[in-house]
Amino acid sequence: MNRRAFPVRLPPGGIITLVYIAFIALPLIALFVRAVSSYSLWDSLTSDITLTALRLSLVTSLISMIVVVGAGVPIARYLSRRTGPLSRVIDVLIDVPLVLPPVVAGLAMLMAFGRMGILGDALDAAGIRLPFTTAAVILAQIFVSAPFFIRAAKLGFQAVPRELEEISQTLGISPWRTFWRVTLPLAWPSIVGGLALSWARAISEFGATIMFAGNLTGRTQTMPLAILSAMESNVGAALALAVILVAASVIVLFVLALAATRAAVPAGRLE
Amino acid sequence: MSARGWIKHRIGAFSLDVSWDVEPGTVTVLYGPSGAGKSLTLRAIAGLVRLDEGRIELDGSVVFDHEAGLWIPPHHRRVGLMPQEYGLFPHLTVAANIAYGAHDPDSHARAAELTRTLDLQELQQRRIWQLSGGQRQRVALARALAAQPRVLLLDEPFASLDSELRRAVRQEIRQVLTASHVPVILVTHDAEEALALADHVQIIDSGRIVAEGDPVTTLRQPPAPRIARLAGVENLLRMRVARLQPEDGAMLCETLESPPLTLETPLAEAREGDVVTVGIRSSDVILASSEPQGLSARNVFAGTVASIEPRSPGHDVTVNCGAGLSLVSHVTRHAITQLGINEGTRMWAVVKASSCFLLSED
């Protein structure tokens with residue numbers, strides 16, 4: 001008998017990969033199956049609480065991403081050109097939010113910007129009150145998600161050969177225009193990839209938000225918080241929210257993936 | 001439109017001290033080993049290095065003068081820099097690469113003209129990774145010239161081409177350069193390339209120009225052993241001057257071992273008994289498989305083949321002639337098979353007296 005007749009002969013790594021994929025896929029499938037089989041799915045999907053939370057999540061994460069990209073690109077570009085002990089320290093500091101438990105991040109932000117926080121009096125005097133506002137939601141999202149973007153964008157900028165930027169300048173193109181015509185297009189896939197990761201982190205933000213911004217419907221109750229609240233009364237509603245969150249994430253990631261394929265240079269062709 | 005200047009610059013223990021004066025439409029070759037400061041010089045002229053001291057003038061306008069505190073940034077210098085790997089933009093097509101620096105209808109027309117001259121029309125919509133090495137080189141040259149540079153700086157322009165292609169494109173490139181009426185500074189560590197392309201040669205070593213002049217004199221018969229080694233004079237022989245023959249314009253040199261072998265060389269400034277270094281290019285040493293008769297060449301040595309080393313475009317054959325004399329001859333692969341050259345084969349090495357030259361000590 002032909003030993004190859006049995007179509008799949010997997011090495012150990014392959015088997016473990018399959019088990020892992022099942023482990024990831026099963027809960028997601030279960031989520032959809034349960035959501036679809038719940039009677040009140042449509043009502044839950046279109047309920048006020050759901051739509052309000054969805055809108056708040058999308059708006060806050062959009063604003064967060066504008067800030068993250070607007071500040072992150074110059075930061076990443078700056079760090080990509082620096083070497084030496086100081087920039088190593090800065091690198092580590094920028095990565096701190098990645099390893100900080102979100103709840104701790106939220107508590108820390110409260111201690112800084114809260115009423116009793118270090119800047120509390122100063123902010124109060126200026127008439128600014130941050131905790132338990134939509135602004136606090138955005139700040140929490142920026143805090144936890146920016147490192148993902150800065151990291152990826154920095155690697156992207158570092159991969160752009162310095163020589164190409166120099167050549168561009170010898171051809172009469174100023175450093176500023178060189179950035180737009182050479183550096184940014186070549187770093188584009190990394191930037192979009194970083195944006196996708198960063199946005200995914202922002203939209204799923206929970207711990208820091210609940211500590212720093214609370215859980216107020218319409219003001220600070222984003223999708224993840226709404227799911228938690230719904231679980232207390234109505235599992236069906238929680239499932240509906242979860243399905244929407246997954247769908248919204250998939251759509252955004254898909255759009256970003258499309259944007260990344262706009263990349264001008266196929267992988268491995270740089271240089 | 002000419003390019004002239006001088007610079008002094010220190011980086012740690014390395015110091016650069018060079019000057020140049022290049023007429024439009026001529027090629028000055030900066031020749032030397034790697035690490036001599038050749039690329040650094042080009043980068044300095046382009047404005048990519050902040051220099052300690054110097055003055056750089058392009059087409060009559062000063063772009064750097066440390067005394068006046070003047071430093072024009074690269075994008076206002078109008079220099080065409082072509083780096084070793086060409087530095088083409090991978091995210092742009094060939095056409096977009098060539099027109100990259102074009103900013104007015106005039107320069108766009110020039111880009112189109114260069115595309116025709118360098119035979120790139122068919123490739124315009126290609127991406128860089130779809131091009132061969134020779135095509136990349138032509139695109140890079142077109143791009144540099146399209147920006148109407150006041151000086152063209154070529155860093156090892158043929159280094160990433162294979163040797164056959166290198167020879168083929170050299171003349172073509174030479175013509176384009178001359179026709180462009182731009183002063184050209186070309187960096188290379190290949191003596192053959194320097195000879196083929198240069199109007200003027202500067203030999204640079206450890207950041208200093210150690211010799212300069214017309215290419216044939218400077219490279220064929222370099223003045224000092226150190227430069228000879230740089231310039232690829234493969235035979236450097238330590239010999240004693242045995243007899244001067246001013247009436248023949250010749251002199252006889254002996255190897256230092258006894259009994260010595262005698263080599264006839266052109267008369268040079270030396271006294272009998274002086275120990276000198278005689279240089280002979282390996283391409284000037286002829287091999288014969290039987291003892292040659294009736295030759296005009298003055299020097300014929302019998303010996304055995306000690307080694308055969310491939311070196312593009314042929315092979316270096318070392319013949320050991322005894323008495324401390326071994327000669328390296330550069331021959332084609334064809335000659336090796338035809339003469340049946342193997343290690344240990346008995347051969348005769350033939351050298352014309354006029355191919356030998358004396359090197360002054362450093």
# chains A, B, ... in the order shown; residues from 1 in each chain; ligands from 1
call {"tool": "residues_around", "arguments": {"residues": "B:Leu263", "least_positions_apart": "3", "cutoff": "8 Å", "atoms": "only C-alpha atoms", "output": "list in words"}}
result
Leu252, Cys253, Glu254, Asn299 and Ala353 of chain B
call {"tool": "interface_residues", "arguments": {"of": "chain B", "to": "chain A", "cutoff": "7 Å", "atoms": "only C-alpha atoms", "output": "ChimeraX atom specification"}}
result
/B:46,74-76,78-81,87,89-91,101,129,147
call {"tool": "write_last_selection", "arguments": {"atoms": "all heavy atoms", "output": "CSV table (one decimal), in the first residue's frame"}}
result
chain,number,residue,atom,x,y,z
B,46,ALA,N,28.8,66.0,-1.6
B,46,ALA,CA,27.4,66.0,-1.8
B,46,ALA,C,26.7,66.7,-0.6
B,46,ALA,O,25.5,67.1,-0.6
B,46,ALA,CB,26.8,64.6,-1.8
B,74,PRO,N,22.4,69.5,1.1
B,74,PRO,CA,22.5,68.7,-0.1
B,74,PRO,C,21.4,69.0,-1.1
B,74,PRO,O,21.8,69.0,-2.3
B,74,PRO,CB,22.3,67.2,0.5
B,74,PRO,CG,22.5,67.3,1.9
B,74,PRO,CD,22.4,68.7,2.4
B,75,HIS,N,20.2,69.3,-0.7
B,75,HIS,CA,19.2,69.5,-1.7
B,75,HIS,C,19.3,70.8,-2.4
B,75,HIS,O,18.5,71.0,-3.4
B,75,HIS,CB,17.8,69.3,-1.1
B,75,HIS,CG,17.4,70.2,0.0
B,75,HIS,ND1,17.9,70.2,1.3
B,75,HIS,CD2,16.6,71.3,0.0
B,75,HIS,CE1,17.4,71.2,2.0
B,75,HIS,NE2,16.6,71.9,1.2
B,76,HIS,N,20.2,71.6,-2.0
B,76,HIS,CA,20.4,72.9,-2.8
B,76,HIS,C,21.8,72.9,-3.5
B,76,HIS,O,22.2,73.9,-4.0
B,76,HIS,CB,20.3,74.1,-1.9
B,76,HIS,CG,18.9,74.4,-1.5
B,76,HIS,ND1,18.6,74.8,-0.2
B,76,HIS,CD2,17.7,74.3,-2.1
B,76,HIS,CE1,17.3,75.0,-0.1
B,76,HIS,NE2,16.7,74.7,-1.3
B,78,ARG,N,22.8,70.6,-6.0
B,78,ARG,CA,22.8,70.1,-7.3
B,78,ARG,C,24.0,69.2,-7.6
B,78,ARG,O,24.8,69.5,-8.5
B,78,ARG,CB,22.6,71.2,-8.4
B,78,ARG,CG,21.1,71.6,-8.4
B,78,ARG,CD,20.8,72.6,-9.5
B,78,ARG,NE,21.5,72.3,-10.8
B,78,ARG,CZ,21.9,73.3,-11.6
B,78,ARG,NH1,21.9,74.6,-11.2
B,78,ARG,NH2,22.5,72.9,-12.7
B,79,VAL,N,24.1,68.1,-6.9
B,79,VAL,CA,25.2,67.2,-7.2
B,79,VAL,C,24.5,65.9,-7.5
B,79,VAL,O,23.4,65.6,-7.0
B,79,VAL,CB,26.1,66.9,-5.9
B,79,VAL,CG1,26.8,68.1,-5.6
B,79,VAL,CG2,25.3,66.4,-4.8
B,80,GLY,N,25.0,65.1,-8.4
B,80,GLY,CA,24.5,63.8,-8.8
B,80,GLY,C,25.3,62.7,-8.1
B,80,GLY,O,26.4,62.5,-8.5
B,81,LEU,N,24.8,62.1,-7.1
B,81,LEU,CA,25.5,61.1,-6.4
B,81,LEU,C,24.9,59.7,-6.8
B,81,LEU,O,23.8,59.5,-6.6
B,81,LEU,CB,25.4,61.3,-4.9
B,81,LEU,CG,26.1,60.2,-4.0
B,81,LEU,CD1,27.6,60.2,-4.2
B,81,LEU,CD2,25.7,60.4,-2.5
B,87,GLY,N,21.1,52.9,-5.1
B,87,GLY,CA,20.1,53.7,-4.3
B,87,GLY,C,18.8,54.0,-5.1
B,87,GLY,O,18.3,55.1,-4.9
B,89,PHE,N,14.8,53.9,-5.9
B,89,PHE,CA,13.7,53.9,-5.0
B,89,PHE,C,12.8,52.7,-5.4
B,89,PHE,O,12.2,52.6,-6.5
B,89,PHE,CB,12.9,55.2,-5.1
B,89,PHE,CG,13.7,56.4,-4.8
B,89,PHE,CD1,13.8,57.4,-5.7
B,89,PHE,CD2,14.2,56.5,-3.5
B,89,PHE,CE1,14.6,58.5,-5.4
B,89,PHE,CE2,15.0,57.6,-3.2
B,89,PHE,CZ,15.2,58.6,-4.1
B,90,PRO,N,12.7,51.7,-4.4
B,90,PRO,CA,12.0,50.5,-4.8
B,90,PRO,C,10.5,50.7,-4.9
B,90,PRO,O,9.8,49.9,-5.5
B,90,PRO,CB,12.3,49.6,-3.6
B,90,PRO,CG,12.7,50.5,-2.5
B,90,PRO,CD,13.3,51.7,-3.1
B,91,HIS,N,9.9,51.8,-4.4
B,91,HIS,CA,8.5,52.0,-4.4
B,91,HIS,C,8.1,52.7,-5.7
B,91,HIS,O,6.9,53.0,-5.9
B,91,HIS,CB,8.0,52.7,-3.2
B,91,HIS,CG,8.6,54.1,-3.0
B,91,HIS,ND1,10.0,54.3,-2.9
B,91,HIS,CD2,8.1,55.3,-2.9
B,91,HIS,CE1,10.2,55.6,-2.7
B,91,HIS,NE2,9.1,56.2,-2.7
B,101,GLY,N,13.9,63.8,-9.5
B,101,GLY,CA,14.4,65.1,-9.2
B,101,GLY,C,13.9,66.2,-10.1
B,101,GLY,O,14.3,67.4,-10.0
B,129,TRP,N,13.2,46.0,-8.7
B,129,TRP,CA,13.6,44.6,-8.5
B,129,TRP,C,13.4,43.7,-9.7
B,129,TRP,O,13.8,42.6,-9.8
B,129,TRP,CB,12.9,44.0,-7.3
B,129,TRP,CG,11.4,43.9,-7.5
B,129,TRP,CD1,10.7,42.8,-8.0
B,129,TRP,CD2,10.4,44.8,-7.0
B,129,TRP,NE1,9.4,43.1,-8.0
B,129,TRP,CE2,9.2,44.3,-7.4
B,129,TRP,CE3,10.5,46.0,-6.4
B,129,TRP,CZ2,8.0,44.9,-7.1
B,129,TRP,CZ3,9.3,46.7,-6.2
B,129,TRP,CH2,8.0,46.1,-6.5
B,147,ALA,N,18.6,65.4,-13.0
B,147,ALA,CA,18.5,66.5,-12.1
B,147,ALA,C,19.4,67.6,-12.4
B,147,ALA,O,19.6,68.5,-11.6
B,147,ALA,CB,18.7,65.9,-10.6
call {"tool": "atom_distance", "arguments": {"atom1": "atom CA of A:Arg115", "atom2": "atom CA of A:Leu56"}}
result
24.0 Å
call {"tool": "atom_distance", "arguments": {"atom1": "atom CA of A:Asp95", "atom2": "atom CA of A:Pro147"}}
result
5.7 Å
call {"tool": "residues_around", "arguments": {"residues": "A:Gly214", "least_positions_apart": "2", "cutoff": "12 Å", "atoms": "only C-alpha atoms", "output": "MDAnalysis selection string"}}
result
chainID A and resid 103 106:107 110 130:137 140 206:212 216:222 225:226 229
call {"tool": "atom_distance", "arguments": {"atom1": "atom CA of B:Ile98", "atom2": "atom CA of B:Gln84"}}
result
17.2 Å
call {"tool": "closest_residue", "arguments": {"among": "B:Arg136, B:His181, B:Lys352, B:His330", "to": "B:Glu234", "atoms": "only C-alpha atoms"}}
result
B:His330
call {"tool": "select_by_dssp", "arguments": {"residues": "stretch 27-196 of chain B", "states": "alpha helix (DSSP H)", "output": "NGL selection string"}}
result
:B and (38-46 or 94-98 or 105-117 or 133-146 or 163-180 or 191-196)
call {"tool": "residues_around", "arguments": {"residues": "stretch 60-65 of chain A", "least_positions_apart": "3", "cutoff": "9 Å", "atoms": "only C-alpha atoms", "output": "ChimeraX atom specification"}}
result
/A:55-57,68-70,134-135,137-139,141-142,145-146,195,198-199,202-203,222
